[in-house]
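Data from data33.cif: mmCIF, C-alpha atoms
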```cif
data_protein
#
loop_
_atom_site.label_atom_id
_atom_site.label_comp_id
_atom_site.auth_asym_id
_atom_site.auth_seq_id
_atom_site.Cartn_x
_atom_site.Cartn_y
_atom_site.Cartn_z
CA MET A 1 -0.74 24.70 -15.92
CA GLY A 2 -4.18 23.17 -15.27
CA ARG A 3 -5.49 22.16 -11.90
CA LYS A 4 -5.46 18.44 -11.08
CA ARG A 5 -8.89 16.85 -11.06
CA ALA A 6 -10.18 15.89 -7.64
CA VAL A 7 -10.20 12.14 -7.01
CA LYS A 8 -12.88 10.72 -4.75
CA GLN A 9 -13.07 7.01 -4.03
CA LEU A 10 -14.58 4.62 -1.54
CA VAL A 11 -11.96 2.41 0.07
CA LYS A 12 -12.81 -0.69 2.10
CA ILE A 13 -10.54 -0.97 5.15
CA ASP A 14 -11.22 -3.59 7.83
CA GLY A 15 -14.56 -4.35 6.17
CA LYS A 16 -15.78 -0.75 6.41
CA GLU A 17 -16.18 1.50 3.37
CA ARG A 18 -14.53 4.88 3.94
CA PRO A 19 -14.64 7.91 1.63
CA VAL A 20 -11.18 9.07 0.49
CA GLU A 21 -10.77 12.37 -1.34
CA LEU A 22 -7.66 13.87 -2.94
CA ASP A 23 -7.76 17.37 -4.37
CA GLY A 24 -4.31 18.71 -5.22
CA ALA A 25 -2.37 19.04 -1.96
CA ARG A 26 -5.39 18.37 0.30
CA GLY A 27 -6.92 15.04 1.16
CA SER A 28 -9.21 13.34 3.62
CA ILE A 29 -10.15 9.87 4.78
CA ASP A 30 -13.41 9.41 6.63
CA GLY A 31 -13.65 13.22 6.84
CA VAL A 32 -10.28 13.66 8.59
CA GLU A 33 -8.36 16.22 6.52
CA ALA A 34 -4.61 16.36 5.90
CA GLU A 35 -2.08 17.94 3.57
CA VAL A 36 -0.92 15.30 1.08
CA THR A 37 2.37 15.51 -0.85
CA GLU A 38 3.32 12.78 -3.32
CA ILE A 39 7.08 12.34 -2.84
CA GLU A 40 7.36 9.69 -5.56
CA PRO A 41 4.88 7.26 -7.10
CA GLY A 42 3.37 5.27 -4.26
CA LEU A 43 4.99 7.31 -1.46
CA TYR A 44 3.06 10.13 0.24
CA LEU A 45 3.85 12.57 3.05
CA LEU A 46 0.76 13.28 5.17
CA ARG A 47 0.64 16.36 7.42
CA ARG A 48 -2.08 17.25 9.88
CA GLY A 49 -1.20 20.15 12.16
CA ASP A 50 2.19 19.35 13.71
CA GLU A 51 1.84 15.61 13.00
CA GLN A 52 3.28 13.99 9.92
CA SER A 53 3.54 10.46 8.61
CA LEU A 54 4.55 8.56 5.50
CA ALA A 55 2.19 6.35 3.53
CA TYR A 56 3.57 3.71 1.16
CA VAL A 57 0.90 2.49 -1.27
CA ASP A 58 1.61 -0.72 -3.18
CA GLY A 59 -0.43 -3.11 -5.27
CA ALA A 60 -2.77 -2.75 -8.19
CA ALA A 61 -6.39 -1.69 -8.07
CA PRO A 62 -8.64 -2.80 -6.61
CA LYS A 63 -6.44 -4.40 -3.90
CA LEU A 64 -3.77 -2.22 -2.31
CA THR A 65 -1.48 -2.44 0.67
CA VAL A 66 -0.87 0.79 2.59
CA GLU A 67 1.92 1.03 5.13
CA ILE A 68 1.69 4.05 7.42
CA ARG A 69 4.75 5.17 9.36
CA ARG A 70 4.47 7.71 12.17
CA PRO A 71 7.45 8.97 14.17
CA GLY A 72 7.85 6.99 17.40
CA ALA A 73 5.27 4.35 16.43
CA ASP A 74 5.44 0.91 14.86
CA PRO A 75 4.57 0.83 11.15
CA GLN A 76 0.93 0.02 10.49
CA VAL A 77 0.14 -2.10 7.42
CA VAL A 78 -3.42 -1.94 6.13
CA ALA A 79 -5.04 -3.94 3.33
CA ALA A 80 -7.34 -1.66 1.35
CA GLU A 81 -9.74 -2.41 -1.48
CA LEU A 82 -10.99 0.22 -3.90
CA VAL A 83 -14.76 0.05 -4.31
CA SER A 84 -16.16 0.34 -7.84
CA ALA A 85 -15.92 3.82 -9.35
CA ALA A 86 -19.66 3.85 -10.09
CA ARG A 87 -20.56 3.14 -6.44
CA ALA A 88 -17.97 5.66 -5.28
CA ALA A 89 -19.39 8.33 -7.58
CA ALA A 90 -22.90 7.64 -6.32
CA GLN A 91 -21.84 7.79 -2.67
CA VAL A 92 -19.37 10.68 -2.74
CA GLY A 93 -20.80 12.60 -5.69
CA VAL A 94 -18.06 12.62 -8.35
CA GLY A 95 -17.08 11.04 -11.67
CA ALA A 96 -14.89 7.99 -12.24
CA ALA A 97 -11.86 7.51 -10.01
CA THR A 98 -8.35 6.97 -11.32
CA GLN A 99 -7.02 3.44 -10.84
CA ARG A 100 -3.86 1.58 -11.87
CA PRO A 101 -4.37 -1.23 -14.36
CA GLY A 102 -5.06 -4.57 -12.66
CA GLY A 103 -2.18 -6.37 -14.34
CA ALA A 104 0.63 -4.02 -13.30
CA PRO A 105 3.46 -5.78 -11.42
CA VAL A 106 3.64 -5.09 -7.69
CA THR A 107 6.55 -5.39 -5.30
CA VAL A 108 6.57 -6.62 -1.71
CA ARG A 109 9.06 -4.37 0.12
CA SER A 110 10.59 -4.51 3.56
CA PRO A 111 8.64 -2.09 5.77
CA ILE A 112 11.57 -1.78 8.21
CA PRO A 113 15.22 -2.88 8.42
CA GLY A 114 15.54 -6.49 9.52
CA ARG A 115 16.60 -10.02 8.63
CA VAL A 116 14.77 -12.39 6.30
CA VAL A 117 13.80 -15.45 8.37
CA LYS A 118 11.96 -17.36 5.64
CA VAL A 119 11.12 -16.97 1.96
CA ALA A 120 7.76 -18.72 1.55
CA VAL A 121 7.55 -18.49 -2.27
CA LYS A 122 9.74 -19.09 -5.31
CA ALA A 123 9.74 -17.65 -8.82
CA GLY A 124 6.85 -19.05 -10.84
CA ASP A 125 4.61 -19.79 -7.83
CA GLY A 126 1.01 -18.63 -7.93
CA VAL A 127 -0.08 -16.58 -4.90
CA THR A 128 -3.36 -15.29 -3.53
CA ALA A 129 -3.96 -11.88 -1.99
CA GLY A 130 -2.88 -11.99 1.65
CA GLN A 131 -0.66 -15.06 1.26
CA THR A 132 2.65 -14.87 3.15
CA THR A 133 5.60 -14.30 0.80
CA VAL A 134 8.44 -13.48 3.22
CA VAL A 135 8.87 -13.62 6.99
CA LEU A 136 11.01 -10.74 8.27
CA GLU A 137 12.49 -10.46 11.77
CA ALA A 138 12.80 -6.90 13.05
CA MET A 139 13.05 -5.63 16.62
CA LYS A 140 12.80 -9.24 17.94
CA MET A 141 9.43 -9.73 16.22
CA GLU A 142 8.57 -11.79 13.17
CA ASN A 143 6.53 -9.99 10.51
CA GLU A 144 4.76 -11.90 7.75
CA LEU A 145 4.81 -9.88 4.55
CA ALA A 146 1.74 -10.72 2.47
CA ALA A 147 1.05 -10.57 -1.25
CA PRO A 148 -1.06 -7.44 -1.85
CA ARG A 149 -2.94 -9.21 -4.67
CA ALA A 150 -3.19 -12.54 -6.44
CA GLY A 151 -0.70 -13.25 -9.20
CA ARG A 152 2.46 -15.12 -10.13
CA ILE A 153 5.84 -14.62 -8.44
CA ALA A 154 8.04 -13.02 -11.11
CA ALA A 155 11.15 -12.67 -8.95
CA VAL A 156 12.39 -13.40 -5.44
CA LEU A 157 14.99 -10.76 -4.57
CA CYS A 158 16.07 -11.99 -1.12
CA THR A 159 17.26 -15.11 0.69
CA ALA A 160 16.77 -16.50 4.18
CA GLY A 161 19.31 -14.99 6.58
CA GLN A 162 19.81 -11.85 4.47
CA ALA A 163 19.82 -8.44 6.18
CA VAL A 164 17.50 -5.99 4.42
CA GLU A 165 16.91 -2.27 4.60
CA SER A 166 13.62 -0.39 4.87
CA GLY A 167 11.98 -0.15 1.46
CA GLN A 168 14.16 -2.87 -0.09
CA ASP A 169 12.43 -4.93 -2.81
CA LEU A 170 11.90 -8.53 -1.69
CA VAL A 171 9.41 -10.14 -4.11
CA THR A 172 7.85 -9.06 -7.42
CA ILE A 173 4.36 -10.27 -8.35
CA GLU A 174 2.90 -10.15 -11.87
#
```

What is this file in structure tokens?
Amino acid sequence: MGRKRAVKQLVKIDGKERPVELDGARGSIDGVEAEVTEIEPGLYLLRRGDEQSLAYVDGAAPKLTVEIRRPGADPQVVAAELVSAARAAAQVGVGAATQRPGGAPVTVRSPIPGRVVKVAVKAGDGVTAGQTTVVLEAMKMENELAAPRAGRIAAVLCTAGQAVESGQDLVTIE
């Protein structure tokens, strides 16, 4: 069995480009190293010393949404944008990075158990990256769940007033 090729990419988070490297079971972001285990496509377990967290990655390159869950902390949702492979290679010294095709459908999922307060889109609607698709109430707070990329709403899988579980599919975008 051959060794997986190392993936190095620049990722723009909060307007700042940060080097991300994955090499088998090791990874780093901005030079902070961690053990990375892919549990299933788009779901990663991150371990650093005694600390561990889950990272849910959704969307299609170059725009991704990453939800990070740490024990005892509120989920953190981060919009990330992959920088061009050529620029990444020049800045972190490797070949082309692996990316999902831009037209792959993406799903907006509930980050935590809660109740759907409002569905802001309907099937067939066009959406832009960052546009609110669903408003979810959880722990007495309203959370606006945004489209991770521009596209067309293929399916709305929830209704206002519906109780939802963590990870439940709410909206599909093509």

Using the chain letters and numbers from the file, which residues does the PyMOL selection byres ((chain A and resi 161) around 8) grab, as a list in words?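 Applied to this file, the PyMOL selection byres ((chain A and resi 161) around 8) returns Arg115, Val116, Val117, Lys118, Thr159, Ala160, Gln162 and Ala163 of chain A.
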
Interatomic distance between CA of Ile29 in chain A and CA of Pro111 in chain A? 22.3 Å

Using the chain letters and residue numbers of this document, give as a count of residues only the residues selected by the PyMOL selection byres ((chain A and resi 110) around 6). 6

Rounded to one decimal in Å, what is the spacing between CA of Ile68 in chain A and CA of Gly42 in chain A?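 Distance between the two atoms: 11.9 Å.
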
Report, in Å to a single decimal, how far apart CA of Val156 in chain A and CA of Ala129 in chain A are.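 Between these atoms lies a distance of 16.8 Å.
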
Using all atoms listed in the file, the residue out of A:Val32, A:Leu145, A:Ala79, A:Ala104 with shortest distance to Val20 in chain A is A:Val32

Can you work out which one of A:Asp74, A:Glu144, A:Glu35, A:Glu17 has the shortest atom-to-atom distance to Gly49 in chain A, counting only C-alpha atoms?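 Among A:Asp74, A:Glu144, A:Glu35, A:Glu17, it is A:Glu35 that comes nearest to Gly49 in chain A.
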
Just the residues within 7 Å of Lys12 in chain A, please, counting all atoms listed in the file, with nothing from its chain fewer than 2 positions along; format it as number ranges by chain. A: 10, 14-18, 80-83

Would you mind exporting the chosen residues as a PDB file, keeping the file's coordinate frame, restricted to C-alpha atoms?
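Result file part_16.pdb:
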```pdb
ATOM      1  CA  LEU A  10     -14.580   4.620  -1.540  1.00  0.00           C
ATOM      2  CA  ASP A  14     -11.220  -3.590   7.830  1.00  0.00           C
ATOM      3  CA  GLY A  15     -14.560  -4.350   6.170  1.00  0.00           C
ATOM      4  CA  LYS A  16     -15.780  -0.750   6.410  1.00  0.00           C
ATOM      5  CA  GLU A  17     -16.180   1.500   3.370  1.00  0.00           C
ATOM      6  CA  ARG A  18     -14.530   4.880   3.940  1.00  0.00           C
ATOM      7  CA  ALA A  80      -7.340  -1.660   1.350  1.00  0.00           C
ATOM      8  CA  GLU A  81      -9.740  -2.410  -1.480  1.00  0.00           C
ATOM      9  CA  LEU A  82     -10.990   0.220  -3.900  1.00  0.00           C
ATOM     10  CA  VAL A  83     -14.760   0.050  -4.310  1.00  0.00           C
TER      11      VAL A  83
END
```

Close residues, Gly114 in chain A itself excluded, 6 Å, only C-alpha atoms, min 4 positions apart in chain, as a list in words: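 So, after excluding close chain neighbours, the residues are Glu137, Ala138, Ala163 and Val164 of chain A.
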
Picked residues, the PyMOL selection byres ((chain A and resi 157) around 6), as number ranges by chain: A: 156, 158, 170-171

Measuring between only C-alpha atoms, which one of A:Ile39, A:Val11, A:Leu45, A:Val127 shows the shortest distance to Lys63 in chain A?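 Of A:Ile39, A:Val11, A:Leu45, A:Val127, the one nearest Lys63 in chain A is A:Val11, counting only C-alpha atoms.
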
From the set A:Thr132, A:Gln9, A:Thr65, A:Thr172, which residue has the shortest atom-to-atom contact distance to Gly151 in chain A, counting all atoms listed in the file?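 So, comparing all the options, the nearest one is A:Thr172.
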
Could you check which of A:Gly27, A:Gly124, A:Pro75, A:Pro105 is closest to Asn143 in chain A, using all atoms listed in the file?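 Residue with the minimum atom-to-atom distance to Asn143 in chain A: A:Pro75.
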
Which of A:Leu43, A:Pro113, A:Gly31, A:Ala147 sits closest to Glu165 in chain A [using all atoms listed in the file]: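 Selected residue with least distance to Glu165 in chain A: A:Pro113.
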
Show me as a VMD selection string the residues that reach within 9 Å of (2.8, -4.4, -8.9), counting all atoms listed in the file and using the file's own coordinates. chain A and resid 58 to 60 102 to 108 148 to 149 172 to 174

May I have the residues from that selection written out with C-alpha atoms, as a PDB file, in the frame of the given file?
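Listing of out_9.pdb after writing:
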```pdb
ATOM      1  CA  ASP A  58       1.610  -0.720  -3.180  1.00  0.00           C
ATOM      2  CA  GLY A  59      -0.430  -3.110  -5.270  1.00  0.00           C
ATOM      3  CA  ALA A  60      -2.770  -2.750  -8.190  1.00  0.00           C
ATOM      4  CA  GLY A 102      -5.060  -4.570 -12.660  1.00  0.00           C
ATOM      5  CA  GLY A 103      -2.180  -6.370 -14.340  1.00  0.00           C
ATOM      6  CA  ALA A 104       0.630  -4.020 -13.300  1.00  0.00           C
ATOM      7  CA  PRO A 105       3.460  -5.780 -11.420  1.00  0.00           C
ATOM      8  CA  VAL A 106       3.640  -5.090  -7.690  1.00  0.00           C
ATOM      9  CA  THR A 107       6.550  -5.390  -5.300  1.00  0.00           C
ATOM     10  CA  VAL A 108       6.570  -6.620  -1.710  1.00  0.00           C
ATOM     11  CA  PRO A 148      -1.060  -7.440  -1.850  1.00  0.00           C
ATOM     12  CA  ARG A 149      -2.940  -9.210  -4.670  1.00  0.00           C
ATOM     13  CA  THR A 172       7.850  -9.060  -7.420  1.00  0.00           C
ATOM     14  CA  ILE A 173       4.360 -10.270  -8.350  1.00  0.00           C
ATOM     15  CA  GLU A 174       2.900 -10.150 -11.870  1.00  0.00           C
TER      16      GLU A 174
END
```
